[in-house]
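Quick notes on the structure that follows.
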Amino acid sequence: MATPETKDRSNRDRTYSITELCREFDVTPRTLRFYEQKGLLHPARRGWTRLFSYRDRARLQLILRGKKVGFALEEIKEMLDLYNLRDGQLTQLRIASTKMRERLEALRKQRVELEDAIADLERTVVVVDGMLKEREAAIPKAAAAG
């Protein structure tokens, strides 16, 4: 019977094809090749075939999460590359924490700005709809008078 530790070790040895990762994460092969070109992913090669490691899969997951919340690829790469410093991930975690807090603050500010824009637009729609209703009501009167 496989223990969780054995299963975890076997998962870490597993490789993934570009097709498997594309399907799992709903991305295109072009996206994976782009991330590879930018140095975010490092698949092994067997001829023309790219073989993505467990680590590449984990990095892809983090890349997509980072992009979802608005991090630039350069910022994501910087945070991921700090994993290799061999300091128990202290530097990586400190920098990631700082960047995440900054991004969180930027998103909160953006939310306030969006809420203001939505309120302005809602008020404008009411005004425009009122003007439209007045004009549409005036058309039958003008047609009947003519």
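Chain lettering (A, B, ...) mirrors the order of the structure tokens, residue numbering begins at 1 for each chain separately, and ligand numbering begins at 1 in order of display.
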
DSSP-assigned strand (DSSP E or B) among stretch 50-80 of chain A, expressed as a list in words: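 DSSP-assigned strand (DSSP E or B) residues in stretch 50-80 of chain A: Arg50, Leu51, Phe52 and Ser53 of chain A.
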
Residue contacts of stretch 95-106 of chain A (8 Å, only C-alpha atoms) excluding same-chain residues fewer than 6 positions away, as a ChimeraX atom specification: /A:69-71,79

Please identify all polymer residues within 10 Å of A:Ser17, counting only C-alpha atoms, omitting same-chain residues fewer than 2 positions from it, and present them as an mmCIF file with all heavy atoms, in the first residue's frame.
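Wrote around-v5.cif, looks like this:
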```
data_model
loop_
_atom_site.group_PDB
_atom_site.id
_atom_site.type_symbol
_atom_site.label_atom_id
_atom_site.label_comp_id
_atom_site.auth_asym_id
_atom_site.auth_seq_id
_atom_site.Cartn_x
_atom_site.Cartn_y
_atom_site.Cartn_z
ATOM 1 N N THR A 15 6.220 13.387 -15.080
ATOM 2 C CA THR A 15 6.348 14.449 -16.082
ATOM 3 C C THR A 15 4.991 14.640 -16.755
ATOM 4 O O THR A 15 4.132 13.754 -16.728
ATOM 5 C CB THR A 15 7.409 14.115 -17.151
ATOM 6 O OG1 THR A 15 7.059 12.895 -17.783
ATOM 7 C CG2 THR A 15 8.793 14.039 -16.536
ATOM 8 N N THR A 19 0.243 18.947 -23.775
ATOM 9 C CA THR A 19 -1.196 18.730 -23.917
ATOM 10 C C THR A 19 -1.866 18.563 -22.558
ATOM 11 O O THR A 19 -2.932 19.128 -22.308
ATOM 12 C CB THR A 19 -1.471 17.487 -24.799
ATOM 13 O OG1 THR A 19 -0.810 17.671 -26.050
ATOM 14 C CG2 THR A 19 -2.942 17.263 -25.018
ATOM 15 N N GLU A 20 -1.224 17.792 -21.665
ATOM 16 C CA GLU A 20 -1.799 17.573 -20.332
ATOM 17 C C GLU A 20 -1.902 18.884 -19.551
ATOM 18 O O GLU A 20 -2.934 19.169 -18.941
ATOM 19 C CB GLU A 20 -0.950 16.581 -19.540
ATOM 20 C CG GLU A 20 -1.054 15.152 -20.027
ATOM 21 C CD GLU A 20 -0.072 14.230 -19.321
ATOM 22 O OE1 GLU A 20 1.138 14.572 -19.236
ATOM 23 O OE2 GLU A 20 -0.523 13.165 -18.872
ATOM 24 N N LEU A 21 -0.846 19.684 -19.581
ATOM 25 C CA LEU A 21 -0.879 20.948 -18.844
ATOM 26 C C LEU A 21 -1.866 21.929 -19.462
ATOM 27 O O LEU A 21 -2.565 22.644 -18.739
ATOM 28 C CB LEU A 21 0.517 21.568 -18.770
ATOM 29 C CG LEU A 21 1.511 20.854 -17.859
ATOM 30 C CD1 LEU A 21 2.828 21.615 -17.803
ATOM 31 C CD2 LEU A 21 0.951 20.658 -16.459
ATOM 32 N N CYS A 22 -1.931 21.946 -20.786
ATOM 33 C CA CYS A 22 -2.889 22.833 -21.453
ATOM 34 C C CYS A 22 -4.308 22.476 -21.041
ATOM 35 O O CYS A 22 -5.119 23.360 -20.738
ATOM 36 C CB CYS A 22 -2.746 22.746 -22.966
ATOM 37 S SG CYS A 22 -1.264 23.551 -23.587
ATOM 38 N N ARG A 23 -4.592 21.202 -21.027
ATOM 39 C CA ARG A 23 -5.933 20.736 -20.665
ATOM 40 C C ARG A 23 -6.226 21.047 -19.197
ATOM 41 O O ARG A 23 -7.283 21.564 -18.857
ATOM 42 C CB ARG A 23 -6.038 19.239 -20.929
ATOM 43 C CG ARG A 23 -7.453 18.759 -21.120
ATOM 44 C CD ARG A 23 -7.539 17.300 -21.535
ATOM 45 N NE ARG A 23 -6.994 17.091 -22.880
ATOM 46 C CZ ARG A 23 -6.197 16.101 -23.217
ATOM 47 N NH1 ARG A 23 -5.818 15.206 -22.337
ATOM 48 N NH2 ARG A 23 -5.755 15.979 -24.448
ATOM 49 N N PRO A 43 11.008 23.139 -19.186
ATOM 50 C CA PRO A 43 10.758 21.739 -19.508
ATOM 51 C C PRO A 43 11.993 21.057 -20.080
ATOM 52 O O PRO A 43 12.834 21.681 -20.717
ATOM 53 C CB PRO A 43 9.645 21.807 -20.560
ATOM 54 C CG PRO A 43 9.813 23.143 -21.205
ATOM 55 C CD PRO A 43 10.326 24.051 -20.116
ATOM 56 N N THR A 49 9.711 16.988 -28.247
ATOM 57 C CA THR A 49 8.721 16.908 -27.171
ATOM 58 C C THR A 49 9.216 17.620 -25.919
ATOM 59 O O THR A 49 10.340 17.398 -25.469
ATOM 60 C CB THR A 49 8.426 15.425 -26.838
ATOM 61 O OG1 THR A 49 8.035 14.764 -28.033
ATOM 62 C CG2 THR A 49 7.340 15.296 -25.803
ATOM 63 N N ARG A 50 8.349 18.456 -25.355
ATOM 64 C CA ARG A 50 8.640 19.107 -24.081
ATOM 65 C C ARG A 50 8.063 18.241 -22.967
ATOM 66 O O ARG A 50 6.901 17.846 -23.031
ATOM 67 C CB ARG A 50 7.985 20.487 -24.026
ATOM 68 C CG ARG A 50 8.618 21.523 -24.886
ATOM 69 C CD ARG A 50 7.753 22.786 -24.883
ATOM 70 N NE ARG A 50 8.395 23.906 -25.540
ATOM 71 C CZ ARG A 50 8.405 24.112 -26.839
ATOM 72 N NH1 ARG A 50 7.812 23.254 -27.649
ATOM 73 N NH2 ARG A 50 8.997 25.171 -27.353
ATOM 74 N N LEU A 51 8.855 17.982 -21.953
ATOM 75 C CA LEU A 51 8.396 17.233 -20.788
ATOM 76 C C LEU A 51 8.477 18.149 -19.570
ATOM 77 O O LEU A 51 9.566 18.542 -19.148
ATOM 78 C CB LEU A 51 9.247 15.980 -20.571
ATOM 79 C CG LEU A 51 9.165 14.927 -21.673
ATOM 80 C CD1 LEU A 51 10.151 13.800 -21.410
ATOM 81 C CD2 LEU A 51 7.743 14.390 -21.790
ATOM 82 N N PHE A 52 7.332 18.488 -19.036
ATOM 83 C CA PHE A 52 7.252 19.402 -17.902
ATOM 84 C C PHE A 52 7.298 18.604 -16.610
ATOM 85 O O PHE A 52 6.634 17.579 -16.469
ATOM 86 C CB PHE A 52 5.968 20.226 -17.977
ATOM 87 C CG PHE A 52 5.949 21.178 -19.134
ATOM 88 C CD1 PHE A 52 5.459 20.776 -20.365
ATOM 89 C CD2 PHE A 52 6.436 22.467 -19.006
ATOM 90 C CE1 PHE A 52 5.441 21.646 -21.445
ATOM 91 C CE2 PHE A 52 6.425 23.341 -20.073
ATOM 92 C CZ PHE A 52 5.930 22.934 -21.299
ATOM 93 N N SER A 53 8.076 19.096 -15.666
ATOM 94 C CA SER A 53 8.244 18.418 -14.382
ATOM 95 C C SER A 53 7.132 18.831 -13.413
ATOM 96 O O SER A 53 6.357 19.753 -13.667
ATOM 97 C CB SER A 53 9.593 18.783 -13.775
ATOM 98 O OG SER A 53 9.611 20.171 -13.439
#
```

Surrounding residues of A:Gly39 excluding itself and chain neighbours under 4 positions, 12 Å, only C-alpha atoms, as an MDAnalysis selection string: chainID A and resid 32:35 43 56 59:60 63 73:74 76:78 80:81

Same residues, N, CA and C atoms, output as a tab-separated table (two decimals), in the first residue's frame:
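Output file again-v7.tsv is given in full below:
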```
chain	number	residue	atom	x	y	z
A	32	LEU	N	2.31	28.24	-22.96
A	32	LEU	CA	3.39	27.50	-22.28
A	32	LEU	C	4.75	27.78	-22.92
A	33	ARG	N	4.77	27.84	-24.26
A	33	ARG	CA	6.04	28.14	-24.94
A	33	ARG	C	6.50	29.57	-24.60
A	34	PHE	N	5.55	30.49	-24.49
A	34	PHE	CA	5.87	31.87	-24.13
A	34	PHE	C	6.48	31.93	-22.72
A	35	TYR	N	5.86	31.22	-21.78
A	35	TYR	CA	6.40	31.19	-20.41
A	35	TYR	C	7.79	30.55	-20.39
A	43	PRO	N	11.01	23.14	-19.19
A	43	PRO	CA	10.76	21.74	-19.51
A	43	PRO	C	11.99	21.06	-20.08
A	56	ASP	N	7.65	22.38	-12.75
A	56	ASP	CA	7.09	23.24	-13.80
A	56	ASP	C	5.58	23.38	-13.62
A	59	ARG	N	4.97	25.70	-10.77
A	59	ARG	CA	5.29	27.07	-11.19
A	59	ARG	C	4.19	27.62	-12.10
A	60	LEU	N	3.67	26.79	-13.01
A	60	LEU	CA	2.59	27.24	-13.89
A	60	LEU	C	1.37	27.64	-13.06
A	63	ILE	N	2.15	30.97	-11.59
A	63	ILE	CA	2.15	32.00	-12.65
A	63	ILE	C	0.72	32.43	-12.94
A	73	LEU	N	4.55	39.55	-15.45
A	73	LEU	CA	5.36	38.33	-15.55
A	73	LEU	C	6.74	38.52	-14.93
A	74	GLU	N	7.31	39.71	-15.06
A	74	GLU	CA	8.64	39.97	-14.48
A	74	GLU	C	8.59	39.82	-12.95
A	76	ILE	N	6.40	38.01	-11.23
A	76	ILE	CA	6.18	36.59	-10.94
A	76	ILE	C	7.49	35.83	-11.06
A	77	LYS	N	8.24	36.10	-12.11
A	77	LYS	CA	9.53	35.43	-12.31
A	77	LYS	C	10.48	35.74	-11.15
A	78	GLU	N	10.53	37.00	-10.75
A	78	GLU	CA	11.41	37.40	-9.65
A	78	GLU	C	11.07	36.62	-8.38
A	80	LEU	N	9.40	33.71	-8.13
A	80	LEU	CA	9.64	32.27	-8.31
A	80	LEU	C	11.13	31.94	-8.28
A	81	ASP	N	11.93	32.80	-8.89
A	81	ASP	CA	13.37	32.53	-8.95
A	81	ASP	C	14.05	32.62	-7.60
```

Given only C-alpha atoms as the counted atoms, nearest of A:Arg135, A:Arg12, A:Leu64, A:Tyr83 to A:Thr31: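 Checking each of A:Arg135, A:Arg12, A:Leu64, A:Tyr83 against A:Thr31, counting only C-alpha atoms, the winner is A:Leu64.
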
All helix (DSSP H, G or I) positions in chain A, as a ChimeraX atom specification: /A:4-13,18-25,29-37,54-68,73-85,90-145

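Across the model, the gap from atom CA of A:Gln92 to atom CA of A:Arg45 is 28.2 Å.
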
Between atom CA of A:Phe25 and atom CA of A:Lys68 - distance in Å to one decimal: 12.7 Å
